[in-house]
Structures are given as C-alpha cells and as structure tokens.
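See below for protein-v2.txt, which holds compact mmCIF, C-alpha atoms.
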```txt
# COMPACT_ATOMS: atom_id res chain seq x y z
CA MET A 1487 -11.31 -17.15 41.24
CA LEU A 1488 -9.60 -13.96 42.40
CA TYR A 1489 -6.65 -13.07 44.58
CA LEU A 1490 -6.70 -9.90 46.60
CA PRO A 1491 -5.09 -7.45 44.15
CA SER A 1492 -1.52 -6.59 45.00
CA ILE A 1493 0.08 -3.31 44.10
CA PRO A 1494 2.07 -3.69 40.85
CA SER A 1495 5.80 -3.13 41.07
CA PRO A 1496 7.30 0.24 40.06
CA LEU A 1497 8.83 -1.51 37.02
CA PHE A 1498 5.34 -2.46 35.86
CA TRP A 1499 4.22 1.17 35.96
CA ILE A 1500 7.40 2.41 34.29
CA LEU A 1501 6.93 -0.04 31.41
CA LEU A 1502 3.20 0.59 31.12
CA ILE A 1503 3.53 4.38 31.07
CA SER A 1504 6.53 4.19 28.71
CA CYS A 1505 4.46 2.17 26.27
CA PHE A 1506 1.63 4.67 26.56
CA VAL A 1507 3.92 7.66 25.92
CA LEU A 1508 5.48 5.93 22.90
CA PHE A 1509 1.97 5.10 21.68
CA ILE A 1510 0.93 8.77 21.82
CA VAL A 1511 4.12 9.99 20.13
CA MET A 1512 3.89 7.48 17.27
CA LEU A 1513 0.17 8.11 16.88
CA LYS A 1514 0.92 11.80 16.36
CA ILE A 1515 3.67 11.10 13.84
CA MET A 1516 1.66 8.54 11.89
CA GLY A 1517 -1.41 10.75 11.94
CA GLY A 1518 0.57 13.52 10.28
CA GLN A 1519 1.86 11.11 7.64
CA SER A 1520 -1.61 9.80 6.85
CA LYS A 1521 -2.76 13.27 5.80
CA HIS A 1522 -0.65 12.81 2.65
CA PHE A 1523 -2.27 9.50 1.65
CA LYS A 1524 -3.61 10.25 -1.84
CA PHE A 1525 -3.96 8.24 -5.04
CA GLN A 1526 -5.37 8.71 -8.53
CA ARG A 1527 -8.71 7.01 -9.07
CA GLY A 1528 -9.79 7.65 -12.64
CA VAL A 1529 -9.72 11.42 -13.07
CA ALA A 1530 -10.16 12.15 -9.35
CA VAL A 1531 -7.57 12.36 -6.59
CA THR A 1532 -8.82 10.31 -3.64
CA SER A 1533 -7.69 9.90 -0.06
CA PHE A 1534 -7.13 6.49 1.48
CA SER A 1535 -6.32 5.17 4.94
CA ILE A 1536 -4.09 2.40 6.19
CA MET A 1537 -7.27 0.47 6.97
CA ASP A 1538 -7.98 0.29 3.24
CA LEU A 1539 -4.74 -1.67 2.88
CA GLU A 1540 -5.42 -3.86 5.90
CA PHE A 1541 -8.96 -4.79 4.84
CA PRO A 1542 -9.03 -4.74 1.04
CA GLY A 1543 -11.73 -6.54 -0.89
CA ASN A 1544 -9.05 -8.31 -2.89
CA GLU A 1545 -5.36 -8.09 -3.72
CA ALA A 1546 -6.11 -5.92 -6.74
CA SER A 1547 -7.47 -3.22 -4.40
CA ILE A 1548 -4.02 -2.83 -2.81
CA CYS A 1549 -2.35 -2.76 -6.22
CA ASN A 1550 -4.85 -0.17 -7.49
CA ILE A 1551 -4.03 2.16 -4.60
CA VAL A 1552 -0.26 1.82 -5.08
CA ASN A 1553 -0.52 2.23 -8.85
CA GLY A 1554 -2.82 5.20 -8.26
CA ILE A 1555 -0.12 6.82 -6.14
CA HIS A 1556 2.36 6.50 -8.99
CA LYS A 1557 -0.16 8.10 -11.37
CA LEU A 1558 -0.32 11.29 -9.30
CA PRO A 1559 1.53 14.30 -10.73
CA GLU A 1560 4.76 15.46 -9.14
CA PRO A 1561 5.33 16.22 -6.29
CA ALA A 1562 2.07 14.67 -5.01
CA ASN A 1563 3.08 11.13 -5.98
CA ARG A 1564 6.43 11.47 -4.27
CA ASP A 1565 4.85 12.92 -1.12
CA SER A 1566 2.16 10.23 -0.93
CA LEU A 1567 4.61 7.40 -1.53
CA ALA A 1568 7.07 8.77 1.04
CA ALA A 1569 4.25 9.18 3.57
CA LEU A 1570 3.05 5.61 3.06
CA ASN A 1571 6.56 4.17 3.30
CA GLY A 1572 7.28 6.26 6.38
CA ASN A 1573 3.99 5.29 7.99
CA LEU A 1574 4.62 1.58 7.56
CA ARG A 1575 8.14 1.91 8.95
CA ALA A 1576 6.98 4.07 11.86
CA ASP A 1577 4.40 1.38 12.57
CA PHE A 1578 7.21 -0.90 13.75
CA LEU A 1579 7.76 1.48 16.69
CA PHE A 1580 4.00 1.81 17.15
CA MET A 1581 3.82 -1.97 17.55
CA ALA A 1582 6.49 -1.77 20.26
CA ALA A 1583 4.07 0.37 22.26
CA VAL A 1584 0.74 -1.35 21.64
CA TYR A 1585 1.47 -5.07 22.05
CA PRO A 1586 3.70 -4.84 25.15
CA PHE A 1587 1.09 -2.55 26.73
CA ILE A 1588 -1.68 -5.11 26.20
CA ALA A 1589 0.59 -8.00 27.21
CA LEU A 1590 1.55 -6.25 30.46
CA LEU A 1591 -2.09 -5.59 31.21
CA CYS A 1592 -3.06 -9.23 30.55
CA TYR A 1593 -0.13 -10.52 32.60
CA HIS A 1594 -1.02 -8.34 35.59
CA THR A 1595 -4.65 -9.46 35.31
CA ALA A 1596 -3.46 -13.10 35.35
CA GLU A 1597 -1.57 -12.41 38.59
CA LEU A 1598 -4.84 -11.38 40.21
CA MET A 1599 -6.63 -14.61 39.31
CA GLN A 1600 -6.49 -18.31 40.07
CA HIS A 1601 -6.98 -21.48 38.07
CA PHE A 1602 -8.82 -21.04 34.74
CA GLY A 1603 -8.87 -17.24 34.75
CA ARG A 1604 -5.14 -17.09 35.35
CA TRP A 1605 -4.40 -19.34 32.36
CA VAL A 1606 -6.79 -17.42 30.12
CA PHE A 1607 -5.00 -14.13 30.69
CA LEU A 1608 -1.54 -15.70 30.50
CA ILE A 1609 -2.50 -17.11 27.09
CA LEU A 1610 -3.84 -13.70 26.02
CA ALA A 1611 -0.55 -12.12 27.09
CA VAL A 1612 1.44 -14.61 25.01
CA LEU A 1613 -0.89 -14.10 22.04
CA GLN A 1614 0.21 -10.47 21.90
CA ILE A 1615 3.62 -11.74 20.77
CA VAL A 1616 1.87 -13.67 18.00
CA ALA A 1617 -0.11 -10.58 17.03
CA TRP A 1618 3.11 -8.56 16.98
CA VAL A 1619 4.76 -11.06 14.64
CA PHE A 1620 1.70 -11.03 12.36
CA ASP A 1621 1.78 -7.23 12.29
CA ILE A 1622 5.45 -7.27 11.28
CA LEU A 1623 4.73 -9.75 8.48
CA GLU A 1624 1.76 -7.64 7.41
CA ASN A 1625 3.96 -4.56 7.07
CA LYS A 1626 6.60 -6.49 5.16
CA TYR A 1627 3.89 -7.66 2.75
CA LEU A 1628 2.67 -4.09 2.19
CA LEU A 1629 6.22 -2.72 1.77
CA HIS A 1630 6.78 -5.43 -0.85
CA LYS A 1631 3.54 -4.43 -2.61
CA ILE A 1632 4.69 -0.83 -2.83
CA LYS A 1633 7.69 -2.00 -4.87
CA HIS A 1634 5.78 -4.68 -6.78
CA PRO A 1635 2.18 -3.42 -7.21
CA TYR A 1636 0.72 -6.33 -9.11
CA PRO A 1637 -1.24 -9.41 -7.99
CA ALA A 1638 0.98 -12.33 -7.02
CA GLN A 1639 0.02 -15.71 -5.60
CA PRO A 1640 -3.59 -15.75 -4.29
CA LYS A 1641 -2.45 -18.04 -1.46
CA ARG A 1642 -0.10 -15.37 -0.10
CA PHE A 1643 -2.87 -12.77 -0.10
CA GLN A 1644 -5.18 -15.17 1.77
CA GLN A 1645 -2.44 -15.67 4.36
CA TYR A 1646 -2.13 -11.88 4.65
CA LYS A 1647 -5.87 -11.51 5.29
CA LYS A 1648 -5.82 -14.22 7.96
CA MET A 1649 -2.86 -12.60 9.72
CA VAL A 1650 -4.60 -9.21 9.77
CA LEU A 1651 -7.79 -10.69 11.21
CA ALA A 1652 -5.87 -12.74 13.79
CA LYS A 1653 -3.80 -9.72 14.82
CA TRP A 1654 -6.88 -7.61 15.44
CA ALA A 1655 -8.69 -10.47 17.19
CA PHE A 1656 -5.81 -11.21 19.60
CA ALA A 1657 -5.10 -7.55 20.41
CA THR A 1658 -8.74 -6.51 20.78
CA THR A 1659 -9.67 -9.52 22.91
CA GLY A 1660 -6.67 -9.00 25.18
CA LEU A 1661 -7.30 -5.29 25.64
CA VAL A 1662 -11.07 -5.50 26.14
CA THR A 1663 -11.07 -8.47 28.53
CA ALA A 1664 -8.15 -7.25 30.66
CA LEU A 1665 -9.54 -3.73 30.77
CA SER A 1666 -12.98 -5.04 31.73
CA ALA A 1667 -11.44 -7.12 34.52
CA HIS A 1668 -9.59 -4.12 35.95
CA VAL A 1669 -12.68 -1.94 35.77
CA TYR A 1670 -14.55 -4.69 37.66
CA PHE A 1671 -11.83 -4.84 40.33
CA TRP A 1672 -12.01 -1.08 40.74
CA VAL A 1673 -15.83 -0.75 40.80
CA THR A 1674 -16.27 -3.57 43.30
CA GLY A 1675 -13.79 -1.98 45.68
CA LEU A 1676 -10.97 -4.51 45.32
CA TYR A 1677 -8.68 -1.59 44.49
CA GLY A 1678 -8.49 0.82 47.36
CA LYS A 1679 -5.57 2.95 46.28
CA PHE A 1680 -6.05 6.31 44.59
CA PHE A 1681 -3.52 5.64 41.86
CA TYR A 1682 -5.66 2.81 40.53
CA ALA A 1683 -8.18 5.45 39.52
CA PHE A 1684 -5.41 7.07 37.49
CA ALA A 1685 -4.58 3.67 35.99
CA ILE A 1686 -8.18 3.06 34.93
CA VAL A 1687 -8.35 6.51 33.33
CA LEU A 1688 -5.08 5.80 31.52
CA LEU A 1689 -6.35 2.47 30.22
CA LEU A 1690 -9.70 3.90 29.16
CA LEU A 1691 -7.91 6.71 27.33
CA PHE A 1692 -5.70 4.17 25.56
CA ALA A 1693 -8.75 2.16 24.47
CA ALA A 1694 -10.66 5.29 23.44
CA ILE A 1695 -7.80 6.49 21.22
CA ILE A 1696 -7.57 3.13 19.48
CA ILE A 1697 -11.34 3.08 18.88
CA TRP A 1698 -11.26 6.69 17.66
CA ARG A 1699 -8.49 5.90 15.18
CA ILE A 1700 -10.39 2.88 13.84
CA MET A 1701 -13.66 4.79 13.53
CA SER A 1702 -12.07 7.83 11.91
CA ALA A 1703 -10.25 5.64 9.38
CA ARG A 1704 -13.43 3.76 8.50
CA GLN A 1705 -15.43 7.00 8.32
CA ALA A 1706 -12.90 8.49 5.94
CA PHE A 1707 -13.07 5.39 3.76
CA PHE A 1708 -16.87 5.28 3.57
CA GLY A 1709 -16.97 9.04 3.03
CA GLU A 1710 -14.70 8.71 0.01
CA THR A 1711 -16.70 5.76 -1.29
CA SER A 1712 -20.03 7.57 -1.06
CA SER A 1713 -18.66 10.65 -2.76
```

So, in terms of structure tokens, how does the structure I just supplied come out?
Amino acid sequence: MLYLPSIPSPLFWILLISCFVLFIVMLKIMGGQSKHFKFQRGVAVTSFSIMDLEFPGNEASICNIVNGIHKLPEPANRDSLAALNGNLRADFLFMAAVYPFIALLCYHTAELMQHFGRWVFLILAVLQIVAWVFDILENKYLLHKIKHPYPAQPKRFQQYKKMVLAKWAFATTGLVTALSAHVYFWVTGLYGKFFYAFAIVLLLLFAAIIIWRIMSARQAFFGETSS
C-alpha cells in the first residue's frame, strides 16, 4: 500500500510555502474587509459574513442582504458595498493559495502510495481544480447579485448551491485525508527527517486557520440571529 516516503523536491516546498504565505496574506486582507460587512435589517444595522452568502436559506436571503446594504445611510452603504466587492475579488487570489496547496499535498501523498491509494489521492488532487472552478463561478454569481439584487431563475440558484457544497466537499476531503495520511506517516516513523515535523506543524496550522475562520463566521451569524 505504501512506498517508503521520499524527500519532496525543493520545488515542492517552494510552491507549498508560497501558497501558505499567500494564504496568510489574503486571509489578513479579507479579514479586514469583512469587518465592514453591514446591512439594514428592518430598523437595525446587522453584520453578516461571507458564509451567509455561501449558505443562504434561499435566493431571497442573498437579495435581502444586498438590498439591505443599499438601504444603509452614507457612507456606511458605500463602505459595506466596497468591502464586499473587494472581498469577492480578493478571494480570487485566496483561491490561488488554497486549492494548489491542497492539490500539492494530495499529489505528494499519492506519490507515497501504490495501487488504489495512489489513484484516490490523484483523483483528490484533480478535484481541487474542479473546486477552484466552482469557487470562481460562485464568486461571479455573487458579483452579479450585487448588481442585480433580485431573484432570478430558481434553477440557477440551485446550481449555485450545488457548486458551493461540492467545492467545500472536494477541498475538505482532500485536505483532511491527505493531512491525516501525512500525520500517520510521521507518527509511525516513516518520516525520519526533522523538517517533516516542521511540515506537519505547517499543515496543521493551515487546517486550524481554515477551521477557525469557518467557526468564527458561523458564530457571528448565529450570534446575530439570536440577538
């Protein structure tokens, strides 16, 4: 099932660390933009997160948020709209960090395996390209909704929901399974080099930041809902 792990090439580490650095930089930029996400809900000004747009109950929920932004007084509406537009456009660079990172990790894991395991991780690596394409289409849909905040064809919204779910499923499965495999290699002593400890820490940090961002976004959403 397993090969003896070989040391990845310097190019692998350069690409992996470059993706991680870009990930951190874009996370910082997008985090700052998200602080300006506000919209008018009735008489109250409410915060929202990008997760509210990715997982809405229905298409009207997206339109309500965008229309609520336009209802804010100046300059709050301009700031919130600019932040949302900027966040979605910055996300294109964020994608260029996340999906190649996971694909590289899956590809390297495939190199350490034989037969079925090798094909599984090669497929997971290729699926990151699919997830990337879905993420681009998702952003284009949301950018269109900002300009046209009214319900359109229900079929298009259903396609949007399926793309979001597929994107998260492909990326999460690739990251978790490849990371678990590398942790297994390390714990069982198949990795004897010191720098693999650094690699595991790097990968765990990457996963922890993603989980933290998801949890903080969901917490903010449920906090606003309960209030």

- Task: Calculate how many Å separate atom CA of Ala1583 of chain A from atom CA of Met1512 of chain A, rounding to one decimal.
- Result: 8.7 Å

- Separation of atom CA of Pro1559 of chain A and atom CA of Leu1513 of chain A, in Å? 28.3 Å

- Item | Point-to-point distance from atom CA of Lys1626 of chain A to atom CA of Val1662 of chain A, Å rounded to tenths |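 Taking atom CA of Lys1626 of chain A and atom CA of Val1662 of chain A, their separation equals 27.4 Å.
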
- Message: I need the residue nearest Thr1659 of chain A from this list: A:Asn1625, A:Gln1639, A:Gln1614, A:Ser1566. Use all atoms listed in the file for the distance.
- Response: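 Among A:Asn1625, A:Gln1639, A:Gln1614, A:Ser1566, it is A:Gln1614 that comes nearest to Thr1659 of chain A.
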
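Residues with at least one atom no more than 10 Å from (-6.9, 4.5, -3.9), using all atoms listed in the file, are A:Phe1523, A:Lys1524, A:Phe1525, A:Gln1526, A:Arg1527, A:Gly1528, A:Ala1530, A:Val1531, A:Thr1532, A:Ser1533, A:Phe1534, A:Ser1535, A:Asp1538, A:Leu1539, A:Ser1547, A:Ile1548, A:Cys1549, A:Asn1550, A:Ile1551, A:Val1552, A:Asn1553, A:Gly1554, A:Ile1555, A:Phe1707, A:Glu1710.
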
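Residue neighbourhood of segment 1497-1507 of chain A, excluding near-sequence residues (fewer than 5 positions): Ala1582, Ala1583, Val1584, Pro1586, Phe1587, Leu1590 and Phe1692 of chain A, at 8 Å, using only C-alpha atoms.
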
- Note on the structure: Judged by all atoms listed in the file, the minimum distance to Val1616 of chain A among A:Trp1654, A:Tyr1670, A:Phe1580, A:Tyr1646 is found for A:Trp1654

- Query: Which residues come within 6 Å of segment 1604-1608 of chain A, counting only C-alpha atoms, excluding same-chain residues fewer than 5 positions away, as a list in words?
  - Reply: Cys1592, Tyr1593, Ala1596 and Met1599 of chain A

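Nearest residue to Lys1631 of chain A, choosing from A:Leu1567, A:Leu1651, A:Met1516, A:Val1673 and counting all atoms listed in the file: A:Leu1567.
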
- Message: Nearest residue to Pro1635 of chain A out of A:Ile1536, A:Leu1508, A:Ala1655, A:Ala1546, using only C-alpha atoms?
- Response: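 Ranking A:Ile1536, A:Leu1508, A:Ala1655, A:Ala1546 by distance to Pro1635 of chain A, first place goes to A:Ala1546.
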